[in-house]
Amino acid sequence: MPGGMRERLRLLAARLMKPGLAGIHERLERMERVVLGRIDRLGRPAEKYEEELGFWRWLVKTPEGRKKIGGAFEEVFGRWQRQRLLELGERLGLESEAALDAWCEGQSVVEIGAGPYPAVAAAPAWRRAVAVDPLASGYAREGLLPEACDRVTYIEAPGEAVPLASGCADLVIIENALDHVADPEAVVAECRRLLRSGGLLWVLVDLSEHRDHMHPHPFSESRIRGLLTSGGFEMMHDRVSDHKSHPKAYGEYRGLLKKPAAQLRVDVSAAITRTSHPEGVTAAPHSVHTGDVPTG
Ligand SMILES: C[S@@+](CC[C@H](N)C(=O)[O-])C[C@H]1O[C@@H](n2cnc3c(N)ncnc32)[C@H](O)[C@@H]1O
């Protein structure tokens, strides 16, 4: 008999034998239903994700949503996301759109908190393009993914635990998502893990003091810079502007960062002691930096 069923029968028997306990058990069961009702089978806060999905459904499918963004979702987001990618091209010193597209063709990219129109959908081709979002199935089921997403592989997962191999990405993109996630530090650590040595992180986040259940982690400029650099990234370029996505934000932070190449440190003191001083004369311990070495 499954454990859950056995436990229920045990409670039922306890209630029959001690009717006074019935009230307590019922109250506990009610509390359990309330708690479980807010967490779905993947451990996600159900209300938050229902609200997020509802927002996109409204934006993509209703005339009010289209009015809000000034046109059809696919066209407007296609244009916005292309602009964001063009900015990456500028930062990389790629001199034309053709040069950007050619660069993308050689990159393996992972986008976290991708939403239904990710930045990766705005390039004609990548070596490999993966979009990670806890709502991936919802976006697909509701028919919210535009045609441009046909060349993108969606994975349903939180950015805190991405089921992809370490070092698999040349580029990780995360736009307007760090303030939405449950644990920004864990997401930045995942970005670093996914990137190969020398790989790039392209980040966009609203600057805001407003906190709510949809945006549990508002970022100031210093907080986002601190998060990224203490997460082990090297700043290549960043900027702040007064553009923003959320009405309660006061600006926008954009950063291009690099996962530093690993430095191999070899402690040779033991070897020196063994080879140059066979009688056991101790050499001062020292280590050798062999410079940048690619790691996975
Ligand atoms: C404001 S939308 C941004 C979508 C897209 N990046 C864009 O700029 O249009 C935030 C996205 O973050 C996703 N999200 C929420 N919690 C997340 C988490 N823990 N890990 C990864 N993505 C998450 C939401 O499902 C949603 O798709």
# chains A, B, ... in the order shown; residues from 1 in each chain; ligands from 1
>>> select_by_dssp(residues="range 97-227 of chain A", states="alpha helix (DSSP H)", output="MDAnalysis selection string")
chainID A and resid 97:105 136:141 184:194 221:227
>>> residues_around(residues="Met236 in chain A", least_positions_apart="4", cutoff="12 Å", atoms="only C-alpha atoms", output="count of residues only")
19
>>> closest_atom_pairs(of="chain A", to="ligand 1", cutoff="6 Å", atoms="only C-alpha atoms and all ligand atoms", output="tab-separated table")
residue	atom	partner	partner_atom_place_in_ligand_line	distance
A:Ile112	CA	ligand 1	21 (C)	5.5
A:Gly113	CA	ligand 1	22 (N)	3.3
A:Ala114	CA	ligand 1	6 (N)	4.1
A:Gly115	CA	ligand 1	27 (O)	3.5
A:Tyr117	CA	ligand 1	9 (O)	5.9
A:Pro118	CA	ligand 1	5 (C)	5.5
A:Asp133	CA	ligand 1	22 (N)	4.6
A:Pro134	CA	ligand 1	25 (O)	5.4
A:Leu135	CA	ligand 1	25 (O)	4.9
A:Pro158	CA	ligand 1	20 (N)	3.7
A:Gly159	CA	ligand 1	20 (N)	3.6
A:Glu175	CA	ligand 1	6 (N)	4.4
A:Asn176	CA	ligand 1	3 (C)	4.7
A:Ala177	CA	ligand 1	12 (O)	4.3
A:His180	CA	ligand 1	15 (C)	5.0
A:Val181	CA	ligand 1	19 (N)	3.8
A:Ala182	CA	ligand 1	19 (N)	5.2
>>> atom_distance(atom1="CA of Ile69 in chain A", atom2="CA of Arg82 in chain A")
15.8 Å
>>> residues_around(residues="Pro63 in chain A", least_positions_apart="6", cutoff="12 Å", atoms="only C-alpha atoms", output="compact mmCIF listing (two decimals) with C-alpha atoms, in the first residue's frame")
# COMPACT_ATOMS: atom_id res chain seq x y z
CA ARG A 57 -1.42 35.50 -22.77
CA ILE A 69 2.89 47.46 -27.07
CA GLY A 70 1.79 49.24 -30.24
CA GLY A 71 1.33 46.27 -32.57
CA ALA A 72 1.39 42.52 -33.00
CA PHE A 73 3.55 40.73 -30.39
>>> residues_around(residues="Asp206 in chain A", least_positions_apart="6", cutoff="10 Å", atoms="only C-alpha atoms", output="PyMOL selection string")
chain A and resi 175-179+218-221+224+240-254
>>> write_last_selection(atoms="N, CA and C atoms", output="PDB file, in the first residue's frame")
ATOM      1  N   GLU A 175      17.836  38.464 -19.657  1.00  0.00           N
ATOM      2  CA  GLU A 175      17.258  39.802 -19.828  1.00  0.00           C
ATOM      3  C   GLU A 175      15.938  39.901 -19.077  1.00  0.00           C
ATOM      4  N   ASN A 176      15.833  40.910 -18.247  1.00  0.00           N
ATOM      5  CA  ASN A 176      14.612  41.151 -17.479  1.00  0.00           C
ATOM      6  C   ASN A 176      14.135  39.925 -16.730  1.00  0.00           C
ATOM      7  N   ALA A 177      15.041  39.200 -16.155  1.00  0.00           N
ATOM      8  CA  ALA A 177      14.649  37.991 -15.427  1.00  0.00           C
ATOM      9  C   ALA A 177      15.283  37.906 -14.039  1.00  0.00           C
ATOM     10  N   LEU A 178      16.450  38.520 -13.840  1.00  0.00           N
ATOM     11  CA  LEU A 178      17.118  38.353 -12.531  1.00  0.00           C
ATOM     12  C   LEU A 178      16.275  38.869 -11.374  1.00  0.00           C
ATOM     13  N   ASP A 179      15.487  39.913 -11.616  1.00  0.00           N
ATOM     14  CA  ASP A 179      14.632  40.434 -10.542  1.00  0.00           C
ATOM     15  C   ASP A 179      13.394  39.551 -10.323  1.00  0.00           C
ATOM     16  N   PRO A 218      14.442  43.494  -6.365  1.00  0.00           N
ATOM     17  CA  PRO A 218      14.742  44.722  -7.119  1.00  0.00           C
ATOM     18  C   PRO A 218      16.238  45.033  -7.070  1.00  0.00           C
ATOM     19  N   PHE A 219      16.753  45.568  -8.169  1.00  0.00           N
ATOM     20  CA  PHE A 219      18.193  45.846  -8.251  1.00  0.00           C
ATOM     21  C   PHE A 219      18.488  47.327  -8.399  1.00  0.00           C
ATOM     22  N   SER A 220      19.477  47.780  -7.620  1.00  0.00           N
ATOM     23  CA  SER A 220      20.081  49.087  -7.867  1.00  0.00           C
ATOM     24  C   SER A 220      21.329  48.822  -8.714  1.00  0.00           C
ATOM     25  N   GLU A 221      21.942  49.906  -9.214  1.00  0.00           N
ATOM     26  CA  GLU A 221      23.166  49.714 -10.011  1.00  0.00           C
ATOM     27  C   GLU A 221      24.232  48.986  -9.215  1.00  0.00           C
ATOM     28  N   ILE A 224      23.456  45.172  -8.624  1.00  0.00           N
ATOM     29  CA  ILE A 224      23.640  44.256  -9.770  1.00  0.00           C
ATOM     30  C   ILE A 224      25.132  44.112 -10.096  1.00  0.00           C
ATOM     31  N   VAL A 240      24.091  52.349 -17.891  1.00  0.00           N
ATOM     32  CA  VAL A 240      22.785  52.528 -17.257  1.00  0.00           C
ATOM     33  C   VAL A 240      22.031  53.538 -18.107  1.00  0.00           C
ATOM     34  N   SER A 241      20.745  53.300 -18.317  1.00  0.00           N
ATOM     35  CA  SER A 241      19.963  54.301 -19.048  1.00  0.00           C
ATOM     36  C   SER A 241      18.628  54.496 -18.330  1.00  0.00           C
ATOM     37  N   ASP A 242      17.870  55.501 -18.757  1.00  0.00           N
ATOM     38  CA  ASP A 242      16.579  55.706 -18.087  1.00  0.00           C
ATOM     39  C   ASP A 242      15.450  54.931 -18.767  1.00  0.00           C
ATOM     40  N   HIS A 243      15.800  54.135 -19.774  1.00  0.00           N
ATOM     41  CA  HIS A 243      14.811  53.235 -20.362  1.00  0.00           C
ATOM     42  C   HIS A 243      14.451  52.182 -19.303  1.00  0.00           C
ATOM     43  N   LYS A 244      13.241  51.647 -19.314  1.00  0.00           N
ATOM     44  CA  LYS A 244      12.850  50.623 -18.339  1.00  0.00           C
ATOM     45  C   LYS A 244      11.720  49.773 -18.896  1.00  0.00           C
ATOM     46  N   SER A 245      11.567  48.562 -18.362  1.00  0.00           N
ATOM     47  CA  SER A 245      10.474  47.694 -18.820  1.00  0.00           C
ATOM     48  C   SER A 245       9.266  47.804 -17.897  1.00  0.00           C
ATOM     49  N   HIS A 246       9.521  47.814 -16.573  1.00  0.00           N
ATOM     50  CA  HIS A 246       8.413  47.873 -15.617  1.00  0.00           C
ATOM     51  C   HIS A 246       8.099  49.328 -15.293  1.00  0.00           C
ATOM     52  N   PRO A 247       6.811  49.679 -15.202  1.00  0.00           N
ATOM     53  CA  PRO A 247       6.463  51.090 -14.947  1.00  0.00           C
ATOM     54  C   PRO A 247       7.039  51.645 -13.641  1.00  0.00           C
ATOM     55  N   LYS A 248       7.280  50.756 -12.652  1.00  0.00           N
ATOM     56  CA  LYS A 248       7.793  51.264 -11.371  1.00  0.00           C
ATOM     57  C   LYS A 248       9.325  51.280 -11.314  1.00  0.00           C
ATOM     58  N   ALA A 249       9.981  50.868 -12.380  1.00  0.00           N
ATOM     59  CA  ALA A 249      11.448  50.908 -12.410  1.00  0.00           C
ATOM     60  C   ALA A 249      11.895  52.349 -12.690  1.00  0.00           C
ATOM     61  N   TYR A 250      13.159  52.644 -12.376  1.00  0.00           N
ATOM     62  CA  TYR A 250      13.655  54.003 -12.672  1.00  0.00           C
ATOM     63  C   TYR A 250      14.733  53.992 -13.752  1.00  0.00           C
ATOM     64  N   GLY A 251      15.106  52.822 -14.219  1.00  0.00           N
ATOM     65  CA  GLY A 251      16.131  52.768 -15.264  1.00  0.00           C
ATOM     66  C   GLY A 251      16.440  51.335 -15.635  1.00  0.00           C
ATOM     67  N   GLU A 252      17.521  51.214 -16.385  1.00  0.00           N
ATOM     68  CA  GLU A 252      17.868  49.888 -16.912  1.00  0.00           C
ATOM     69  C   GLU A 252      19.383  49.722 -16.850  1.00  0.00           C
ATOM     70  N   TYR A 253      19.815  48.543 -16.455  1.00  0.00           N
ATOM     71  CA  TYR A 253      21.243  48.225 -16.423  1.00  0.00           C
ATOM     72  C   TYR A 253      21.534  47.215 -17.525  1.00  0.00           C
ATOM     73  N   ARG A 254      22.593  47.458 -18.278  1.00  0.00           N
ATOM     74  CA  ARG A 254      23.029  46.498 -19.303  1.00  0.00           C
ATOM     75  C   ARG A 254      24.499  46.192 -19.066  1.00  0.00           C
TER      76      ARG A 254
END
>>> select_by_dssp(residues="range 114-293 of chain A", states="strand (DSSP E)", output="number ranges by chain")
A: 128-132, 153-155, 169-175, 195-208, 234-241, 249-258, 262-267, 287-293
>>> atom_distance(atom1="CA of Gln81 in chain A", atom2="CA of Trp126 in chain A")
15.2 Å
